[in-house]
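See below for data_22.txt, which holds compact mmCIF, C-alpha atoms and all ligand atoms.
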# COMPACT_ATOMS: atom_id res chain seq x y z
CA MET A 1 229.00 -132.94 -74.15
CA ARG A 2 227.55 -133.72 -70.74
CA VAL A 3 224.81 -131.39 -69.51
CA LEU A 4 223.55 -131.80 -65.95
CA SER A 5 221.11 -130.10 -63.61
CA GLY A 6 218.89 -130.90 -60.65
CA ILE A 7 215.78 -129.50 -59.07
CA GLN A 8 214.64 -129.66 -55.46
CA PRO A 9 211.33 -131.37 -54.63
CA SER A 10 210.67 -128.78 -51.95
CA GLY A 11 207.20 -127.78 -53.23
CA SER A 12 205.18 -127.59 -56.43
CA LEU A 13 207.24 -126.51 -59.41
CA HIS A 14 206.42 -123.07 -60.77
CA ILE A 15 206.81 -121.10 -63.98
CA GLY A 16 210.07 -119.57 -62.66
CA ASN A 17 211.50 -123.11 -62.45
CA PHE A 18 210.10 -123.91 -65.89
CA PHE A 19 211.51 -120.91 -67.78
CA GLY A 20 214.60 -120.61 -65.56
CA MET A 21 215.72 -124.20 -65.88
CA MET A 22 213.34 -127.01 -66.90
CA LYS A 23 212.62 -125.80 -70.44
CA SER A 24 216.26 -125.53 -71.43
CA MET A 25 217.05 -128.87 -69.76
CA ILE A 26 214.36 -130.60 -71.76
CA ASN A 27 215.75 -129.07 -74.97
CA TRP A 28 219.24 -130.34 -74.18
CA GLN A 29 218.12 -133.97 -74.48
CA GLN A 30 218.12 -133.53 -78.29
CA ASP A 31 221.84 -133.12 -78.79
CA SER A 32 223.80 -133.79 -75.63
CA GLU A 33 224.22 -136.42 -72.96
CA LEU A 34 221.69 -135.09 -70.46
CA PHE A 35 221.71 -135.81 -66.70
CA CYS A 36 218.56 -134.56 -64.99
CA PHE A 37 217.69 -135.44 -61.41
CA ILE A 38 215.48 -134.63 -58.47
CA VAL A 39 217.58 -133.53 -55.52
CA ASN A 40 215.68 -134.92 -52.56
CA LEU A 41 218.80 -134.91 -50.35
CA HIS A 42 219.07 -131.16 -50.84
CA ALA A 43 215.39 -130.77 -50.03
CA LEU A 44 216.03 -132.42 -46.65
CA THR A 45 217.68 -129.14 -45.64
CA THR A 46 214.26 -127.45 -45.56
CA VAL A 47 211.53 -130.12 -45.79
CA THR A 48 211.28 -132.00 -42.51
CA ASP A 49 208.02 -133.85 -43.08
CA GLY A 50 208.67 -137.31 -44.58
CA PRO A 51 205.37 -137.86 -46.42
CA THR A 52 205.57 -134.34 -47.89
CA LEU A 53 209.06 -134.94 -49.28
CA ALA A 54 208.05 -138.32 -50.72
CA ARG A 55 204.95 -136.80 -52.36
CA ASN A 56 206.86 -133.81 -53.75
CA THR A 57 209.47 -136.11 -55.25
CA MET A 58 206.81 -137.99 -57.22
CA GLU A 59 205.15 -134.70 -58.22
CA ALA A 60 208.43 -133.31 -59.55
CA ALA A 61 208.99 -136.51 -61.56
CA LEU A 62 205.48 -136.21 -63.03
CA ASP A 63 206.16 -132.57 -63.93
CA PHE A 64 209.36 -133.35 -65.81
CA LEU A 65 207.89 -136.30 -67.66
CA ALA A 66 204.73 -134.37 -68.56
CA LEU A 67 206.74 -131.39 -69.79
CA GLY A 68 208.62 -133.54 -72.29
CA LEU A 69 211.60 -135.20 -70.64
CA GLU A 70 212.14 -138.59 -72.32
CA PRO A 71 213.85 -140.97 -69.87
CA GLU A 72 215.15 -143.19 -72.68
CA ARG A 73 217.03 -140.22 -74.19
CA CYS A 74 218.69 -139.07 -70.95
CA TYR A 75 219.63 -140.01 -67.40
CA PHE A 76 216.67 -139.21 -65.12
CA TRP A 77 216.76 -140.26 -61.49
CA VAL A 78 216.29 -139.30 -57.83
CA GLN A 79 219.51 -138.18 -56.10
CA GLY A 80 218.88 -140.21 -52.91
CA ASP A 81 218.72 -143.45 -54.95
CA VAL A 82 222.41 -143.14 -55.86
CA PRO A 83 224.56 -143.42 -52.70
CA GLU A 84 227.69 -142.14 -54.46
CA HIS A 85 226.33 -138.57 -54.07
CA THR A 86 226.75 -138.66 -50.30
CA GLU A 87 229.96 -140.65 -50.46
CA LEU A 88 231.64 -138.09 -52.70
CA THR A 89 230.26 -135.25 -50.55
CA TRP A 90 232.20 -136.51 -47.56
CA VAL A 91 235.43 -136.69 -49.54
CA LEU A 92 234.90 -133.18 -50.93
CA ASN A 93 234.12 -131.76 -47.47
CA ASN A 94 237.79 -132.20 -46.74
CA HIS A 95 238.76 -129.95 -49.65
CA THR A 96 236.25 -127.19 -48.96
CA SER A 97 237.33 -124.26 -46.82
CA MET A 98 234.92 -122.91 -44.20
CA GLY A 99 235.40 -119.41 -45.64
CA LEU A 100 234.11 -120.53 -49.04
CA LEU A 101 230.88 -121.80 -47.49
CA GLU A 102 230.52 -118.82 -45.14
CA ARG A 103 230.40 -116.54 -48.19
CA SER A 104 227.47 -118.47 -49.74
CA HIS A 105 224.57 -116.13 -50.60
CA SER A 106 222.00 -118.89 -50.33
CA PHE A 107 223.13 -119.69 -46.78
CA LYS A 108 222.96 -116.01 -45.79
CA ASP A 109 219.59 -115.68 -47.51
CA LYS A 110 218.10 -118.66 -45.63
CA ILE A 111 219.23 -117.11 -42.34
CA GLN A 112 217.67 -113.80 -43.34
CA HIS A 113 214.38 -115.63 -43.92
CA ASN A 114 214.60 -116.90 -40.34
CA ILE A 115 215.36 -120.51 -41.22
CA THR A 116 217.41 -121.96 -38.35
CA PRO A 117 220.88 -122.70 -39.73
CA HIS A 118 222.12 -126.26 -39.42
CA ASN A 119 225.05 -128.11 -40.88
CA GLY A 120 222.96 -129.42 -43.79
CA LEU A 121 222.29 -125.88 -44.98
CA PHE A 122 225.91 -124.93 -44.51
CA ALA A 123 227.18 -127.97 -46.43
CA TYR A 124 224.51 -127.65 -49.16
CA PRO A 125 227.00 -126.40 -51.80
CA VAL A 126 229.34 -129.35 -51.17
CA LEU A 127 226.56 -131.84 -51.91
CA MET A 128 225.79 -129.85 -55.04
CA ALA A 129 229.46 -129.96 -56.07
CA ALA A 130 229.41 -133.74 -55.59
CA ASP A 131 226.27 -133.98 -57.79
CA ILE A 132 228.04 -132.23 -60.62
CA LEU A 133 231.55 -133.66 -60.33
CA LEU A 134 230.33 -137.24 -59.95
CA TYR A 135 229.11 -137.16 -63.56
CA GLN A 136 232.05 -135.15 -64.96
CA ALA A 137 229.53 -132.64 -66.31
CA ASN A 138 230.68 -129.99 -68.79
CA LEU A 139 227.68 -127.67 -68.58
CA VAL A 140 225.19 -126.97 -65.80
CA PRO A 141 222.11 -124.99 -66.94
CA VAL A 142 220.68 -123.11 -63.97
CA GLY A 143 219.03 -119.81 -63.12
CA LYS A 144 221.13 -116.79 -62.10
CA ASP A 145 220.63 -117.51 -58.40
CA GLN A 146 222.79 -120.63 -58.71
CA LYS A 147 225.82 -118.84 -60.17
CA GLN A 148 227.72 -118.79 -56.88
CA HIS A 149 227.05 -122.49 -56.26
CA LEU A 150 228.72 -123.23 -59.58
CA GLU A 151 231.70 -121.07 -58.63
CA ILE A 152 232.01 -123.01 -55.37
CA THR A 153 231.88 -126.28 -57.34
CA ARG A 154 234.66 -125.08 -59.62
CA ASP A 155 236.76 -124.03 -56.61
CA ILE A 156 236.32 -127.40 -54.90
CA ALA A 157 237.14 -129.30 -58.11
CA GLY A 158 240.19 -127.12 -58.65
CA ALA A 159 241.45 -127.69 -55.09
CA PHE A 160 240.97 -131.45 -55.40
CA ASN A 161 242.62 -131.66 -58.84
CA TYR A 162 245.54 -129.56 -57.61
CA HIS A 163 246.09 -131.86 -54.64
CA TYR A 164 245.51 -135.29 -56.21
CA GLY A 165 246.10 -134.61 -59.92
CA PRO A 166 243.49 -134.33 -62.71
CA THR A 167 240.33 -136.07 -61.51
CA PHE A 168 237.28 -133.89 -62.14
CA THR A 169 236.05 -132.01 -65.19
CA ILE A 170 235.67 -128.31 -64.31
CA PRO A 171 232.06 -127.47 -65.21
CA GLU A 172 230.69 -124.29 -66.79
CA ALA A 173 227.48 -122.65 -65.60
CA GLY A 174 224.89 -122.39 -68.37
CA ILE A 175 223.15 -119.18 -67.38
CA ASP A 176 220.94 -117.42 -69.91
CA ASP A 177 221.77 -113.76 -69.32
CA ASN A 178 218.75 -112.65 -71.34
CA LEU A 179 216.50 -114.39 -68.87
CA ALA A 180 216.29 -112.11 -65.86
CA THR A 181 215.18 -113.68 -62.61
CA ILE A 182 211.46 -114.29 -63.01
CA PRO A 183 209.39 -112.26 -60.55
CA GLY A 184 206.71 -113.79 -58.36
CA ILE A 185 203.29 -112.24 -57.81
CA ASP A 186 204.82 -109.85 -55.27
CA GLY A 187 207.79 -108.82 -57.45
CA GLN A 188 210.45 -110.68 -55.43
CA LYS A 189 212.17 -113.65 -57.11
CA MET A 190 209.51 -116.28 -57.73
CA SER A 191 210.29 -119.08 -55.28
CA LYS A 192 208.59 -122.09 -53.75
CA SER A 193 209.68 -120.85 -50.36
CA TYR A 194 208.37 -117.26 -50.60
CA GLY A 195 204.69 -118.13 -51.18
CA ASN A 196 204.70 -115.94 -54.32
CA ALA A 197 204.80 -118.57 -57.05
CA ILE A 198 202.48 -119.41 -59.92
CA ASP A 199 202.67 -123.19 -60.16
CA ILE A 200 202.81 -124.82 -63.60
CA PHE A 201 199.92 -127.18 -62.98
CA LEU A 202 197.14 -125.38 -61.12
CA SER A 203 193.41 -125.82 -61.51
CA LYS A 204 191.89 -123.04 -63.59
CA ASP A 205 190.31 -121.43 -60.53
CA ASP A 206 193.57 -121.46 -58.59
CA LEU A 207 195.45 -120.10 -61.58
CA LYS A 208 192.93 -117.28 -61.87
CA ARG A 209 193.26 -116.45 -58.18
CA ARG A 210 197.06 -116.37 -58.41
CA VAL A 211 197.23 -114.25 -61.55
CA MET A 212 194.58 -111.80 -60.32
CA SER A 213 196.61 -111.27 -57.15
CA ILE A 214 199.78 -110.14 -58.96
CA VAL A 215 200.79 -106.92 -57.22
CA THR A 216 200.77 -103.77 -59.39
CA ASP A 217 201.25 -100.07 -58.77
CA THR A 218 198.22 -97.82 -58.33
CA ARG A 219 198.34 -95.96 -61.66
CA GLY A 220 194.86 -95.35 -63.06
CA VAL A 221 193.51 -96.48 -66.45
CA ASN A 222 194.37 -93.25 -68.20
CA GLU A 223 197.89 -92.93 -66.87
CA LEU A 224 200.89 -94.26 -68.82
CA LYS A 225 202.47 -97.31 -67.24
CA ASP A 226 206.01 -98.63 -66.90
CA PRO A 227 206.31 -102.15 -68.36
CA ASP A 228 209.80 -102.69 -67.00
CA SER A 229 208.81 -102.35 -63.38
CA CYS A 230 205.47 -104.16 -63.77
CA ASN A 231 205.17 -107.67 -62.31
CA ILE A 232 202.47 -108.67 -64.83
CA PHE A 233 204.75 -107.68 -67.72
CA GLY A 234 207.66 -109.58 -66.11
CA ILE A 235 205.64 -112.79 -66.34
CA TYR A 236 203.69 -112.11 -69.57
CA ARG A 237 206.95 -111.62 -71.50
CA LEU A 238 207.83 -115.28 -70.99
CA PHE A 239 204.88 -116.41 -73.05
CA VAL A 240 205.09 -114.12 -76.10
CA ASP A 241 207.58 -113.60 -78.93
CA GLN A 242 209.37 -110.32 -79.74
CA ASP A 243 206.42 -108.94 -81.76
CA GLY A 244 203.94 -109.83 -79.03
CA LEU A 245 206.20 -108.17 -76.51
CA SER A 246 206.49 -104.90 -78.47
CA LEU A 247 202.71 -104.81 -78.86
CA LEU A 248 202.27 -105.25 -75.12
CA ARG A 249 204.91 -102.60 -74.40
CA ASP A 250 203.04 -100.13 -76.67
CA ARG A 251 199.85 -100.79 -74.74
CA TYR A 252 201.61 -99.89 -71.48
CA LEU A 253 202.80 -96.65 -73.06
CA THR A 254 199.32 -95.66 -74.26
CA PRO A 255 196.52 -94.46 -71.96
CA GLY A 256 193.66 -96.91 -71.44
CA LEU A 257 195.42 -100.04 -70.24
CA LYS A 258 193.67 -101.79 -67.37
CA TYR A 259 195.84 -104.07 -65.26
CA SER A 260 192.85 -106.34 -64.61
CA GLU A 261 192.41 -106.93 -68.35
CA VAL A 262 196.07 -107.78 -68.88
CA LYS A 263 195.82 -110.19 -65.96
CA LYS A 264 192.83 -111.96 -67.51
CA GLU A 265 194.68 -112.32 -70.82
CA LEU A 266 197.76 -113.61 -69.02
CA MET A 267 195.70 -116.19 -67.16
CA GLU A 268 194.32 -117.58 -70.45
CA ILE A 269 197.77 -117.55 -72.06
CA ILE A 270 199.29 -119.55 -69.21
CA TRP A 271 196.36 -121.97 -69.21
CA ASP A 272 196.65 -122.63 -72.97
CA TYR A 273 200.44 -122.82 -72.94
CA PHE A 274 200.47 -125.74 -70.49
CA ALA A 275 197.27 -127.46 -71.76
CA PRO A 276 198.94 -130.32 -73.71
CA PHE A 277 201.33 -131.00 -70.83
CA ARG A 278 198.44 -131.00 -68.36
CA GLU A 279 196.75 -133.82 -70.26
CA LYS A 280 199.92 -135.88 -70.30
CA ARG A 281 200.42 -135.27 -66.59
CA GLU A 282 196.93 -136.44 -65.72
CA MET A 283 197.57 -139.64 -67.68
CA LEU A 284 200.89 -140.31 -65.93
CA ALA A 285 199.44 -139.55 -62.50
CA GLN A 286 197.15 -142.57 -62.97
CA ARG A 287 200.24 -144.81 -63.22
CA PRO A 288 202.51 -144.07 -60.25
CA ASP A 289 204.15 -147.51 -60.44
CA THR A 290 205.30 -146.87 -64.00
CA VAL A 291 206.78 -143.55 -62.89
CA LYS A 292 208.61 -145.24 -59.99
CA ASP A 293 209.97 -147.89 -62.38
CA ILE A 294 211.28 -145.15 -64.66
CA LEU A 295 213.05 -143.49 -61.72
CA LYS A 296 214.54 -146.71 -60.37
CA ALA A 297 215.83 -147.70 -63.83
CA GLY A 298 217.23 -144.16 -64.17
CA ALA A 299 219.14 -144.57 -60.89
CA VAL A 300 220.71 -147.83 -62.08
CA LYS A 301 221.81 -146.13 -65.30
CA ALA A 302 223.17 -143.04 -63.46
CA ARG A 303 225.05 -145.27 -61.04
CA THR A 304 227.11 -146.81 -63.82
CA VAL A 305 228.64 -143.36 -64.41
CA ALA A 306 228.77 -142.32 -60.72
CA ALA A 307 230.51 -145.54 -59.68
CA GLN A 308 233.27 -145.00 -62.26
CA THR A 309 234.11 -141.56 -60.89
CA MET A 310 233.88 -142.80 -57.31
CA GLU A 311 236.29 -145.60 -58.09
CA LEU A 312 238.79 -143.09 -59.43
CA VAL A 313 238.32 -140.85 -56.36
CA ARG A 314 238.66 -143.77 -53.94
CA SER A 315 241.93 -144.82 -55.48
CA LYS A 316 243.29 -141.23 -55.53
CA VAL A 317 242.52 -140.48 -51.88
CA GLY A 318 243.56 -143.89 -50.57
CA LEU A 319 240.22 -145.47 -49.73
CA ASN A 320 241.20 -148.45 -51.90
CA TYR A 321 243.91 -150.38 -50.11
P1 LIG A 401 212.88 -122.26 -55.60
O1 LIG A 401 213.54 -120.94 -55.32
O2 LIG A 401 211.49 -122.09 -56.05
O3 LIG A 401 213.01 -123.23 -54.43
P2 LIG A 401 214.93 -123.82 -56.79
O4 LIG A 401 215.96 -123.15 -55.95
O5 LIG A 401 214.59 -125.24 -56.50
O6 LIG A 401 213.64 -122.91 -56.81
O7 LIG A 401 215.39 -123.69 -58.31
C1 LIG A 401 215.30 -124.70 -59.30
C2 LIG A 401 215.82 -124.13 -60.61
O8 LIG A 401 214.91 -123.15 -61.10
C3 LIG A 401 217.18 -123.42 -60.48
O9 LIG A 401 217.95 -123.67 -61.64
C4 LIG A 401 216.82 -121.99 -60.37
O10 LIG A 401 217.84 -121.14 -60.81
C5 LIG A 401 215.58 -121.91 -61.25
N1 LIG A 401 214.69 -120.86 -60.75
C6 LIG A 401 214.00 -120.88 -59.59
N2 LIG A 401 213.29 -119.77 -59.42
C7 LIG A 401 213.55 -119.00 -60.51
C8 LIG A 401 213.13 -117.70 -60.91
N3 LIG A 401 212.29 -116.99 -60.18
N4 LIG A 401 213.60 -117.21 -62.06
C9 LIG A 401 214.46 -117.94 -62.82
N5 LIG A 401 214.90 -119.17 -62.50
C10 LIG A 401 214.46 -119.70 -61.35
N1 LIG A 402 220.86 -125.98 -55.71
C1 LIG A 402 220.05 -126.18 -56.87
C2 LIG A 402 218.79 -125.31 -56.74
O1 LIG A 402 218.34 -125.01 -55.68
C3 LIG A 402 219.63 -127.61 -57.03
C4 LIG A 402 220.76 -128.51 -57.34
C5 LIG A 402 221.27 -129.49 -56.52
C6 LIG A 402 221.51 -128.55 -58.53
N2 LIG A 402 222.27 -130.14 -57.14
C7 LIG A 402 222.46 -129.60 -58.37
C8 LIG A 402 221.47 -127.81 -59.71
C9 LIG A 402 223.37 -129.88 -59.37
C10 LIG A 402 222.41 -128.10 -60.69
C11 LIG A 402 223.35 -129.14 -60.54
O2 LIG A 402 218.25 -124.97 -57.75

Output the file's structure as structure tokens, nothing else.
Amino acid sequence: MRVLSGIQPSGSLHIGNFFGMMKSMINWQQDSELFCFIVNLHALTTVTDGPTLARNTMEAALDFLALGLEPERCYFWVQGDVPEHTELTWVLNNHTSMGLLERSHSFKDKIQHNITPHNGLFAYPVLMAADILLYQANLVPVGKDQKQHLEITRDIAGAFNYHYGPTFTIPEAGIDDNLATIPGIDGQKMSKSYGNAIDIFLSKDDLKRRVMSIVTDTRGVNELKDPDSCNIFGIYRLFVDQDGLSLLRDRYLTPGLKYSEVKKELMEIIWDYFAPFREKREMLAQRPDTVKDILKAGAVKARTVAAQTMELVRSKVGLNY
């Protein structure tokens, strides 16, 4: 089975990215053919500073490698190093109705956040469809927010297959329904672009500052608290098992719980959880050339698959003559 997913290098990766997508991706390398890539072409839709994008791309690669991705057991590359992504996008554009893209939540959401709409943002889902269809992926593990993008991909693949005959595998979205969208420190979806994230690799002081600023309600120590609407609980639950979670829930439902104490515990738990990965990351960060070599070799490997699909597409649509 082919499992594929990508992540944007549009800022430091956070624990919402980790639990929403990276962790399950890294697990998939055990028993599937895994395709994992850094989508720098997608990031161009929002990051317009060249050095920042280049730096974020390297940082994202370091994060994945430090967190346990093994490049020899999977395909790991940077999207912009494989030109077939943009080539297929152009072909697919011609099988994507305007209405389909106009209904995209992420497009509407960007506009709501006052990001000036341009064609790159509008066409974002088509590039994502190309990413997936190029590798004939069966399963795409993503967070809930990407569900509609997967539906758009399936629609585009269906339209193309209907017109030219069977060409693309129709992918399934791998969404873990038990994993609700992870809240940021302000309770909205944790996101690089909302300034509410807790990054995976922060210094201890920065981590402390972030965790201590998680927004809570104003209930006093002796009042009972509601775990399900509490932003601290929404993050804490990611780091404990079922027993740990029931214990924490009981504490919320008993007078005496201080939010500041739970925050301090959470800070230590996050720090310890990522400690082994932090060491590995520091080691890798000393060797940027090795990391670049890994990515370049990954692109060559990914291209062998991408070129096969592109060859099939070219012959179907008449680009081979
Ligand atoms: P961001 O919103 O921070 O820019 P991306 O859109 O790049 O994050 O998402 C990368 C991956 O991480 C996607 O699969 C997405 O669904 C997942 N993800 C991002 N934020 C969260 C979150 N708060 N909760 C769960 N999953 C998330
Ligand atoms: N749109 C995805 C996100 O913001 C990133 C992405 C681009 C992606 N191409 C992909 C995810 C292909 C899965 C498969 O998270």

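In this comparison, which uses all atoms listed in the file, the residue of A:Ile111, A:Met25, A:Val140, A:Leu100 approaching ligand LIG 402 (chain A) most closely is A:Val140.
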
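Computed from the coordinates, the CA of Pro83 in chain A to atom C4 of ligand LIG 402 (chain A) distance equals 16.1 Å.
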
- Task: May I have the residues within 9 Å of ligand LIG 401 (chain A), computed using all atoms listed in the file, as a PyMOL selection string?
- Result: chain A and resi 5-22+39+43+140-147+175+179-184+188-194+197

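Closest approach to ligand LIG 402 (chain A) from the set A:Ile115, A:Ile270, A:Ala129, A:Cys74 is made by A:Ala129, with distances taken over only C-alpha atoms and all ligand atoms.
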
Test item: axis-aligned box, all listed atoms of ligand LIG 402 (chain A), 4 Å on each side, centre and edges in Å rounded to one decimal, as AutoDock Vina command-line options:
--center_x 220.8 --center_y -127.6 --center_z -58.2 --size_x 13.1 --size_y 13.2 --size_z 13.0

- Query: Residues at most 10 Å from range 295-300 of chain A, counting all atoms listed in the file, excluding those fewer than 6 positions away in the same chain, as number ranges by chain?
  - Reply: A: 35-38, 58, 61, 71-72, 74-83, 289, 306

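The spacing separating CA of Asn56 in chain A from CA of Lys263 in chain A amounts to 28.8 Å.
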
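Using all atoms listed in the file, the shortest contact distance between Glu268 in chain A and any of A:Leu65, A:Leu133, A:Val221, A:Met212 is found at A:Met212.
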
- Query: What's the 9 Å shell around Thr86 in chain A, counting all atoms listed in the file, without same-chain residues fewer than 3 positions away, as JSON, numbers by chain?
  - Reply: {"A": [41, 80, 82, 83, 89, 90, 91, 127, 130, 131]}

- Distance in Å - CA of Ala137 in chain A versus CA of Val3 in chain A: 5.8 Å

Expected residue set, 10 Å radius at (200.1, -104.9, -72.2), all atoms listed in the file, as a compact mmCIF listing (two decimals) with C-alpha atoms, in the frame of the given file:
# COMPACT_ATOMS: atom_id res chain seq x y z
CA LYS A 225 202.47 -97.31 -67.24
CA PRO A 227 206.31 -102.15 -68.36
CA ILE A 232 202.47 -108.67 -64.83
CA PHE A 233 204.75 -107.68 -67.72
CA TYR A 236 203.69 -112.11 -69.57
CA ARG A 237 206.95 -111.62 -71.50
CA GLY A 244 203.94 -109.83 -79.03
CA LEU A 245 206.20 -108.17 -76.51
CA SER A 246 206.49 -104.90 -78.47
CA LEU A 247 202.71 -104.81 -78.86
CA LEU A 248 202.27 -105.25 -75.12
CA ARG A 249 204.91 -102.60 -74.40
CA ASP A 250 203.04 -100.13 -76.67
CA ARG A 251 199.85 -100.79 -74.74
CA TYR A 252 201.61 -99.89 -71.48
CA LEU A 253 202.80 -96.65 -73.06
CA THR A 254 199.32 -95.66 -74.26
CA LEU A 257 195.42 -100.04 -70.24
CA LYS A 258 193.67 -101.79 -67.37
CA TYR A 259 195.84 -104.07 -65.26
CA GLU A 261 192.41 -106.93 -68.35
CA VAL A 262 196.07 -107.78 -68.88
CA LYS A 263 195.82 -110.19 -65.96
CA GLU A 265 194.68 -112.32 -70.82
CA LEU A 266 197.76 -113.61 -69.02
